[in-house]
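Structure data follow from upload12.cif (mmCIF, C-alpha atoms (C1' of nucleotides)):
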data_entry
#
loop_
_atom_site.label_atom_id
_atom_site.label_comp_id
_atom_site.auth_asym_id
_atom_site.auth_seq_id
_atom_site.Cartn_x
_atom_site.Cartn_y
_atom_site.Cartn_z
CA MET A 232 17.91 8.78 12.22
CA LYS A 233 16.61 6.99 15.28
CA ILE A 234 13.10 5.73 14.88
CA GLU A 235 12.00 7.55 18.04
CA ASP A 236 12.74 10.87 16.39
CA GLU A 237 11.26 9.89 13.03
CA ILE A 238 7.80 9.28 14.39
CA LYS A 239 8.02 11.50 17.46
CA GLN A 240 7.06 8.68 19.80
CA SER A 241 9.38 8.86 22.74
CA ALA A 242 8.89 5.49 24.34
CA PHE A 243 8.23 1.99 23.08
CA LYS A 244 7.01 -0.80 25.29
CA ASN A 245 10.05 -2.89 24.47
CA GLU A 246 12.62 -3.63 21.80
CA TYR A 247 10.20 -5.88 19.95
CA GLN A 248 7.55 -3.24 19.52
CA LYS A 249 10.22 -0.80 18.49
CA ALA A 250 11.70 -3.21 15.95
CA TYR A 251 8.26 -3.94 14.57
CA ILE A 252 7.41 -0.28 14.00
CA ASN A 253 10.91 0.38 12.74
CA LEU A 254 10.60 -2.37 10.15
CA LEU A 255 7.28 -1.10 8.81
CA PHE A 256 8.53 2.46 8.79
CA THR A 257 11.81 1.68 7.05
CA SER A 258 10.04 -0.38 4.42
CA GLY A 259 7.73 2.55 3.68
CA TYR A 260 10.71 4.86 3.54
CA LEU A 261 12.48 2.72 0.96
CA GLN A 262 9.35 2.26 -1.13
CA GLN A 263 8.77 6.00 -1.27
CA ALA A 264 12.37 6.62 -2.25
CA GLN A 265 12.11 4.08 -5.02
CA ALA A 266 8.76 5.40 -6.24
CA ALA A 267 10.39 8.81 -6.56
CA LEU A 268 13.18 7.33 -8.69
CA PHE A 269 10.60 5.60 -10.88
CA LYS A 270 8.42 8.59 -11.42
CA PRO A 271 10.29 10.00 -14.43
CA PHE A 272 9.64 6.68 -16.19
CA SER A 273 5.90 6.73 -15.47
CA VAL A 274 6.00 3.22 -14.08
CA THR A 275 4.92 2.22 -10.59
CA LEU A 276 6.76 -0.28 -8.43
CA PRO A 277 4.35 -3.17 -8.99
CA GLN A 278 4.32 -2.46 -12.73
CA TYR A 279 8.12 -2.52 -12.74
CA ASN A 280 8.16 -5.80 -10.86
CA ILE A 281 5.84 -7.40 -13.41
CA LEU A 282 8.01 -6.13 -16.24
CA ARG A 283 11.09 -7.64 -14.60
CA ILE A 284 9.43 -11.02 -14.30
CA LEU A 285 8.41 -10.84 -17.96
CA ARG A 286 11.94 -10.00 -19.01
CA GLY A 287 13.12 -13.00 -17.03
CA GLN A 288 10.78 -15.18 -19.10
CA HIS A 289 11.46 -13.54 -22.43
CA PRO A 290 11.04 -14.61 -25.19
CA LYS A 291 8.67 -17.08 -23.56
CA PRO A 292 5.30 -15.66 -22.46
CA ALA A 293 4.07 -15.75 -18.89
CA THR A 294 0.56 -16.49 -17.69
CA ILE A 295 -1.15 -14.36 -15.08
CA SER A 296 -0.79 -17.25 -12.63
CA LEU A 297 2.96 -17.27 -13.09
CA LEU A 298 3.09 -13.54 -12.45
CA ILE A 299 1.09 -13.88 -9.25
CA ASP A 300 3.37 -16.68 -8.16
CA ARG A 301 6.51 -14.60 -8.60
CA MET A 302 5.21 -11.31 -7.30
CA LEU A 303 6.32 -10.11 -3.91
CA ASP A 304 2.77 -9.49 -2.87
CA LYS A 305 0.76 -12.54 -3.77
CA THR A 306 -2.62 -11.01 -3.08
CA SER A 307 -2.35 -8.07 -5.38
CA ASN A 308 -4.22 -8.01 -8.62
CA ALA A 309 -1.98 -8.99 -11.49
CA SER A 310 -4.78 -8.70 -14.06
CA ARG A 311 -5.25 -5.02 -13.51
CA ILE A 312 -1.56 -4.23 -13.37
CA VAL A 313 -1.17 -5.96 -16.72
CA ASP A 314 -4.09 -3.83 -17.96
CA LYS A 315 -2.08 -0.72 -17.21
CA LEU A 316 1.06 -2.08 -18.84
CA GLU A 317 -0.92 -3.11 -21.90
CA ALA A 318 -2.37 0.39 -22.20
CA LYS A 319 1.19 1.75 -22.25
CA GLU A 320 2.14 -0.84 -24.88
CA LEU A 321 4.82 -2.29 -22.64
CA VAL A 322 3.27 -5.78 -22.79
CA THR A 323 0.91 -7.70 -25.04
CA ARG A 324 -1.76 -10.10 -23.93
CA LYS A 325 -3.42 -12.78 -26.00
CA GLN A 326 -5.39 -15.90 -25.29
CA CYS A 327 -3.29 -19.02 -25.22
CA PRO A 328 -4.44 -21.50 -27.90
CA ALA A 329 -3.43 -24.57 -25.91
CA ASP A 330 -5.49 -23.67 -22.85
CA ARG A 331 -8.02 -21.00 -23.64
CA ARG A 332 -8.49 -20.18 -19.97
CA THR A 333 -4.99 -18.81 -19.76
CA VAL A 334 -3.46 -15.72 -21.25
CA ASP A 335 0.01 -15.27 -22.69
CA VAL A 336 1.58 -12.08 -21.47
CA LEU A 337 4.69 -10.92 -23.32
CA ILE A 338 6.95 -7.95 -22.81
CA THR A 339 7.23 -5.79 -25.92
CA ASP A 340 10.37 -4.24 -27.39
CA LYS A 341 9.22 -0.96 -25.90
CA GLY A 342 9.00 -2.67 -22.51
CA LEU A 343 12.48 -4.14 -22.84
CA GLU A 344 13.83 -0.77 -23.86
CA LEU A 345 12.28 0.88 -20.82
CA LEU A 346 13.76 -1.71 -18.47
CA LYS A 347 17.15 -1.18 -20.06
CA GLN A 348 16.92 2.51 -19.25
CA MET A 349 15.92 1.70 -15.70
CA ASP A 350 18.61 -0.90 -15.07
CA GLY A 351 21.04 0.24 -12.48
CA MET A 352 18.46 1.80 -10.22
CA GLU A 353 17.04 -1.50 -9.06
CA GLY A 354 17.67 -3.17 -5.77
CA GLY A 355 17.65 0.06 -3.87
CA LYS A 356 21.15 0.89 -5.00
CA GLY A 357 22.05 4.28 -3.66
CA ILE A 358 18.84 4.58 -1.72
CA GLY A 359 19.78 3.57 1.76
CA ILE A 360 20.45 -0.12 1.96
CA THR A 361 24.01 0.61 0.87
CA ASN A 362 24.53 2.57 4.07
CA LEU A 363 25.16 -0.89 5.51
CA THR A 364 28.38 -2.81 5.16
CA GLU A 365 28.12 -6.11 3.34
CA ASP A 366 28.37 -7.96 6.65
CA GLU A 367 25.54 -5.91 8.03
CA ALA A 368 23.39 -6.67 4.98
CA THR A 369 23.99 -10.35 5.61
CA GLN A 370 23.07 -9.92 9.27
CA LEU A 371 19.88 -8.14 8.25
CA ASN A 372 18.97 -10.98 5.90
CA THR A 373 19.42 -13.50 8.70
CA LEU A 374 17.26 -11.50 11.10
CA LEU A 375 14.47 -10.96 8.57
CA ASP A 376 14.40 -14.63 7.58
CA LYS A 377 14.06 -15.51 11.25
CA ILE A 378 11.08 -13.20 11.66
CA ARG A 379 9.21 -15.08 8.95
CA ASP A 380 10.02 -18.53 10.33
CA MET B 160 12.03 -19.32 5.55
CA LYS B 161 14.83 -18.06 3.33
CA ILE B 162 13.84 -15.21 1.08
CA GLU B 163 15.10 -17.11 -2.00
CA ASP B 164 12.44 -19.75 -1.45
CA GLU B 165 9.70 -17.31 -0.58
CA ILE B 166 9.80 -15.52 -3.89
CA LYS B 167 11.27 -18.32 -6.01
CA GLN B 168 14.14 -16.18 -7.18
CA SER B 169 17.26 -18.24 -6.93
CA ALA B 170 19.95 -15.63 -7.25
CA PHE B 171 20.38 -12.06 -6.15
CA LYS B 172 23.02 -9.76 -7.51
CA ASN B 173 24.47 -9.21 -4.06
CA GLU B 174 23.63 -9.10 -0.37
CA TYR B 175 22.34 -5.55 -0.69
CA GLN B 176 19.76 -6.36 -3.32
CA LYS B 177 18.75 -9.40 -1.30
CA ALA B 178 18.42 -7.38 1.90
CA TYR B 179 16.40 -4.77 0.08
CA ILE B 180 13.90 -7.26 -1.31
CA ASN B 181 13.87 -9.12 1.99
CA LEU B 182 12.99 -5.96 3.89
CA LEU B 183 10.09 -5.07 1.60
CA PHE B 184 8.85 -8.64 1.61
CA THR B 185 9.05 -9.06 5.38
CA SER B 186 7.27 -5.78 5.96
CA GLY B 187 4.43 -6.92 3.69
CA TYR B 188 4.32 -10.23 5.50
CA LEU B 189 3.94 -8.55 8.89
CA GLN B 190 1.34 -6.11 7.63
CA GLN B 191 -0.77 -8.89 6.21
CA ALA B 192 -0.53 -10.84 9.45
CA GLN B 193 -1.59 -7.81 11.42
CA ALA B 194 -4.44 -6.96 9.03
CA ALA B 195 -5.76 -10.48 9.59
CA LEU B 196 -5.70 -9.95 13.36
CA PHE B 197 -7.54 -6.66 12.95
CA LYS B 198 -10.23 -7.95 10.67
CA PRO B 199 -12.62 -9.13 13.42
CA PHE B 200 -12.63 -5.56 14.74
CA SER B 201 -13.44 -4.03 11.35
CA VAL B 202 -10.60 -1.56 11.62
CA THR B 203 -7.76 -1.23 9.15
CA LEU B 204 -4.17 -0.66 10.16
CA PRO B 205 -4.08 3.06 9.31
CA GLN B 206 -7.40 3.56 11.08
CA TYR B 207 -5.99 1.83 14.14
CA ASN B 208 -2.88 4.00 14.05
CA ILE B 209 -4.98 7.16 14.00
CA LEU B 210 -7.04 5.90 16.93
CA ARG B 211 -3.86 5.22 18.89
CA ILE B 212 -2.59 8.73 18.31
CA LEU B 213 -5.95 10.14 19.41
CA ARG B 214 -5.87 8.06 22.57
CA GLY B 215 -2.42 9.43 23.27
CA GLN B 216 -3.85 12.94 23.07
CA HIS B 217 -7.05 12.22 24.98
CA PRO B 218 -8.83 14.12 26.42
CA LYS B 219 -7.20 16.82 24.30
CA PRO B 220 -8.27 16.93 20.64
CA ALA B 221 -5.89 16.55 17.72
CA THR B 222 -5.87 18.48 14.47
CA ILE B 223 -5.48 16.76 11.13
CA SER B 224 -2.00 18.26 10.85
CA LEU B 225 -0.98 16.65 14.12
CA LEU B 226 -2.25 13.29 12.91
CA ILE B 227 -0.28 13.56 9.66
CA ASP B 228 2.79 14.52 11.64
CA ARG B 229 2.58 11.43 13.86
CA MET B 230 1.50 8.90 11.27
CA LEU B 231 4.00 6.38 10.04
CA ASP B 232 3.18 7.22 6.47
CA LYS B 233 3.22 10.98 6.13
CA THR B 234 1.80 11.06 2.64
CA SER B 235 -1.36 9.17 3.34
CA ASN B 236 -4.62 10.99 3.54
CA ALA B 237 -5.59 11.60 7.14
CA SER B 238 -8.78 13.46 6.21
CA ARG B 239 -10.32 10.44 4.55
CA ILE B 240 -9.22 8.00 7.20
CA VAL B 241 -10.88 10.24 9.80
CA ASP B 242 -13.99 10.19 7.55
CA LYS B 243 -14.16 6.43 7.94
CA LEU B 244 -13.63 6.56 11.68
CA GLU B 245 -16.27 9.24 12.02
CA ALA B 246 -18.76 7.10 10.08
CA LYS B 247 -18.13 4.30 12.59
CA GLU B 248 -18.61 6.78 15.46
CA LEU B 249 -15.14 6.08 16.79
CA VAL B 250 -14.14 9.75 16.57
CA THR B 251 -15.86 13.12 16.42
CA ARG B 252 -14.79 16.05 14.34
CA LYS B 253 -15.70 19.69 14.87
CA GLN B 254 -14.35 23.02 13.73
CA CYS B 255 -11.96 24.59 16.18
CA PRO B 256 -13.28 27.99 17.36
CA ALA B 257 -9.82 29.51 17.88
CA ASP B 258 -8.64 28.81 14.33
CA ARG B 259 -11.51 28.02 12.06
CA ARG B 260 -9.22 26.48 9.47
CA THR B 261 -8.43 23.62 11.79
CA VAL B 262 -10.56 20.77 13.02
CA ASP B 263 -10.62 19.18 16.46
CA VAL B 264 -10.65 15.42 16.19
CA LEU B 265 -11.52 13.52 19.36
CA ILE B 266 -11.72 9.83 20.10
CA THR B 267 -15.14 8.79 21.42
CA ASP B 268 -15.90 6.43 24.30
CA LYS B 269 -16.74 3.83 21.70
CA GLY B 270 -13.32 4.36 20.16
CA LEU B 271 -11.57 4.04 23.51
CA GLU B 272 -13.52 0.89 24.24
CA LEU B 273 -12.49 -0.63 20.91
CA LEU B 274 -8.82 0.13 21.52
CA LYS B 275 -9.10 -1.46 24.95
CA GLN B 276 -10.34 -4.65 23.34
CA MET B 277 -7.49 -4.51 20.84
CA ASP B 278 -4.76 -3.84 23.38
CA GLY B 279 -2.36 -6.67 23.62
CA MET B 280 -2.31 -7.40 19.92
CA GLU B 281 -0.32 -4.35 19.02
CA GLY B 282 3.34 -4.19 18.22
CA GLY B 283 3.30 -7.45 16.35
CA LYS B 284 3.24 -9.48 19.53
CA GLY B 285 3.02 -13.12 18.60
CA ILE B 286 3.26 -12.37 14.90
CA GLY B 287 6.88 -12.97 14.07
CA ILE B 288 9.03 -10.28 15.51
CA THR B 289 9.13 -12.28 18.74
CA ASN B 290 10.94 -15.05 16.89
CA LEU B 291 13.94 -12.85 17.60
CA THR B 292 15.76 -12.69 20.90
CA GLU B 293 15.79 -9.31 22.59
CA ASP B 294 19.40 -8.81 21.53
CA GLU B 295 18.51 -9.55 17.95
CA ALA B 296 15.63 -7.05 18.07
CA THR B 297 18.11 -4.42 19.24
CA GLN B 298 20.49 -5.37 16.43
CA LEU B 299 17.65 -5.04 13.94
CA ASN B 300 16.79 -1.58 15.25
CA THR B 301 20.38 -0.49 14.81
CA LEU B 302 20.56 -1.78 11.24
CA LEU B 303 17.26 -0.20 10.23
CA ASP B 304 18.19 3.16 11.70
CA LYS B 305 21.41 3.03 9.73
CA ILE B 306 19.53 2.41 6.48
CA ARG B 307 17.58 5.61 6.97
CA ASP B 308 20.61 7.72 7.84
"C1'" DG C 253 -7.13 48.08 5.61
"C1'" DT C 254 -6.52 45.94 1.28
"C1'" DA C 255 -3.74 42.55 -1.44
"C1'" DC C 256 -0.96 38.66 -1.52
"C1'" DA C 257 1.09 34.75 0.47
"C1'" DT C 258 0.61 30.98 3.69
"C1'" DT C 259 -1.71 27.43 6.14
"C1'" DA C 260 -5.38 23.76 7.15
"C1'" DA C 261 -8.31 20.77 5.42
"C1'" DA C 262 -11.05 18.72 1.83
"C1'" DT C 263 -11.62 16.99 -2.75
"C1'" DG C 264 -10.47 14.89 -7.41
"C1'" DT C 265 -8.12 11.38 -10.03
"C1'" DA C 266 -5.20 7.49 -10.96
"C1'" DT C 267 -3.28 3.59 -8.99
"C1'" DG C 268 -2.93 -0.36 -6.03
"C1'" DT C 269 -4.60 -3.78 -2.29
"C1'" DA C 270 -7.75 -7.07 -0.26
"C1'" DC C 271 -11.31 -9.88 -0.78
"C1'" DA C 272 -15.55 -11.74 -2.80
"C1'" DT C 273 -17.80 -13.12 -6.81
"C1'" DA C 274 -18.52 -14.09 -11.79
"C1'" DT C 275 -17.40 -16.34 -16.22
"C1'" DA C 276 -15.27 -19.39 -19.18
"C1'" DT C 277 -12.68 -23.51 -19.84
"C1'" DT C 278 -10.75 -27.74 -18.66
"C1'" DT C 279 -10.40 -31.87 -15.87
"C1'" DG C 280 -11.95 -35.86 -13.69
"C1'" DC C 281 -14.99 -39.20 -12.40
"C1'" DA C 282 -19.44 -41.79 -12.19
"C1'" DT D 123 -20.90 -39.23 -22.41
"C1'" DG D 124 -22.33 -36.00 -19.05
"C1'" DC D 125 -21.89 -33.27 -15.17
"C1'" DA D 126 -19.68 -31.58 -11.08
"C1'" DA D 127 -15.28 -29.81 -9.36
"C1'" DA D 128 -11.26 -27.36 -10.23
"C1'" DT D 129 -8.65 -23.84 -12.60
"C1'" DA D 130 -7.52 -19.25 -14.97
"C1'" DT D 131 -8.73 -14.88 -15.37
"C1'" DA D 132 -11.65 -10.92 -14.95
"C1'" DT D 133 -14.70 -7.89 -12.45
"C1'" DG D 134 -16.94 -5.41 -8.43
"C1'" DT D 135 -16.48 -2.96 -4.11
"C1'" DA D 136 -14.32 -0.86 -0.17
"C1'" DC D 137 -10.28 1.04 1.37
"C1'" DA D 138 -5.76 3.28 1.11
"C1'" DT D 139 -1.88 5.81 -1.28
"C1'" DA D 140 0.17 9.48 -4.05
"C1'" DC D 141 -0.20 13.69 -5.78
"C1'" DA D 142 -2.46 17.85 -7.65
"C1'" DT D 143 -5.94 21.19 -6.99
"C1'" DT D 144 -9.50 23.76 -4.47
"C1'" DT D 145 -11.56 26.33 -0.70
"C1'" DA D 146 -11.58 28.79 3.36
"C1'" DA D 147 -9.26 31.21 6.99
"C1'" DT D 148 -5.35 33.46 8.75
"C1'" DG D 149 -1.05 36.14 8.61
"C1'" DT D 150 1.74 39.78 6.72
"C1'" DA D 151 3.46 43.60 4.04
"C1'" DC D 152 2.62 47.76 2.14
#

Could you write out this structure as structure tokens?
Amino acid sequence: MKIEDEIKQSAFKNEYQKAYINLLFTSGYLQQAQAALFKPFSVTLPQYNILRILRGQHPKPATISLLIDRMLDKTSNASRIVDKLEAKELVTRKQCPADRRTVDVLITDKGLELLKQMDGMEGGKGIGITNLTEDEATQLNTLLDKIRD
Amino acid sequence: MKIEDEIKQSAFKNEYQKAYINLLFTSGYLQQAQAALFKPFSVTLPQYNILRILRGQHPKPATISLLIDRMLDKTSNASRIVDKLEAKELVTRKQCPADRRTVDVLITDKGLELLKQMDGMEGGKGIGITNLTEDEATQLNTLLDKIRD
DNA sequence: GTACATTAAATGTATGTACATATATTTGCA
DNA sequence: TGCAAATATATGTACATACATTTAATGTAC
């Protein structure tokens, strides 16, 4: 659907303003769609992202710093997201003996099992991005990279 | 910058997954940039969006329902955002006599004055979207609309 | 005209974001 | 060695999101 109709704003100042709003809106749209897919698993998007990073490290532990470094949103609060995951027994956290400032975060078997169940719904598959052809996806990547230059 | 370098993930499964992550990441990037621009004015992005809608209506009032309808993110909580704006005296809120369930929300002179000061920084001008040519912005709009089909 | 459904808005709760600050530990340098 | 700076994480606060529930007013069917 055209962005004009989605937000009921008939006119934009120019293509740039329109593209800007469109980008924010589409991102929100995809995030909501994904959150809906995740709901049955009782895991939020940021929690899922942390779990994925931990699986990537497994069986090595990750520190909170490493998680922050790899997260999409650098400014979010990894400590508290790990709190939630720990409460669900999807990760463990223990002080690292080598450097007692840092904490070793490890995904549990239960966490790995959950991710296994969720595999196949990642990457927005079937949500909307696959409405594009592969060429168009490549085009989109080029445009987005240019925006962040 | 290429998305691979931004999030230190070397390989994506395919162009779709990459485009998906890229879209979410770029949206976050733009929102953070805009939040930084807004900070001196002590207004958050959703608060600003509500003010813009109210200016569009001025001098007619808007109901909360109308605000929800026009907001980019439909599921957010317009009532509480209006609370914050009311506390800053940027809007007024009073029960509508015709239908006492509804509330007339009006932008104040102070609110209009604030928007006037902020005009010119909207639409991501100078933030990144203008790294594109006008043709590229049009292309981007087409791709994004297709994602939400 | 009373009862029930619908609508508009507000409120409650859990989660996350953004940013400042606190606390503990380690590092580095005089 | 001793002490300040840097680092790793946690915590506090304000704001927003997501979703369920509540409250009040209106509409509708009988």

Atom CA of A:Arg301 to atom CA of B:Asp304, distance in Å rounded to a single decimal: 29.4 Å

May I have the residues of chain B within 8 Å of chain C, counting all atoms listed in the file, written as a PyMOL selection string? chain B and resi 223-224+238+260-262

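We find atom CA of B:Glu248 and atom CA of B:Gln276 to be spaced 16.2 Å apart.
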
Determine which residues of chain A sit within 9 Å of chain B, taking into account all atoms listed in the file, and present them as a PyMOL selection string. chain A and resi 232-234+237-240+244-262+300-304+353-356+358-380

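Pairwise distance (atom CA of B:Ile240, atom CA of B:Tyr207) equals 9.8 Å.
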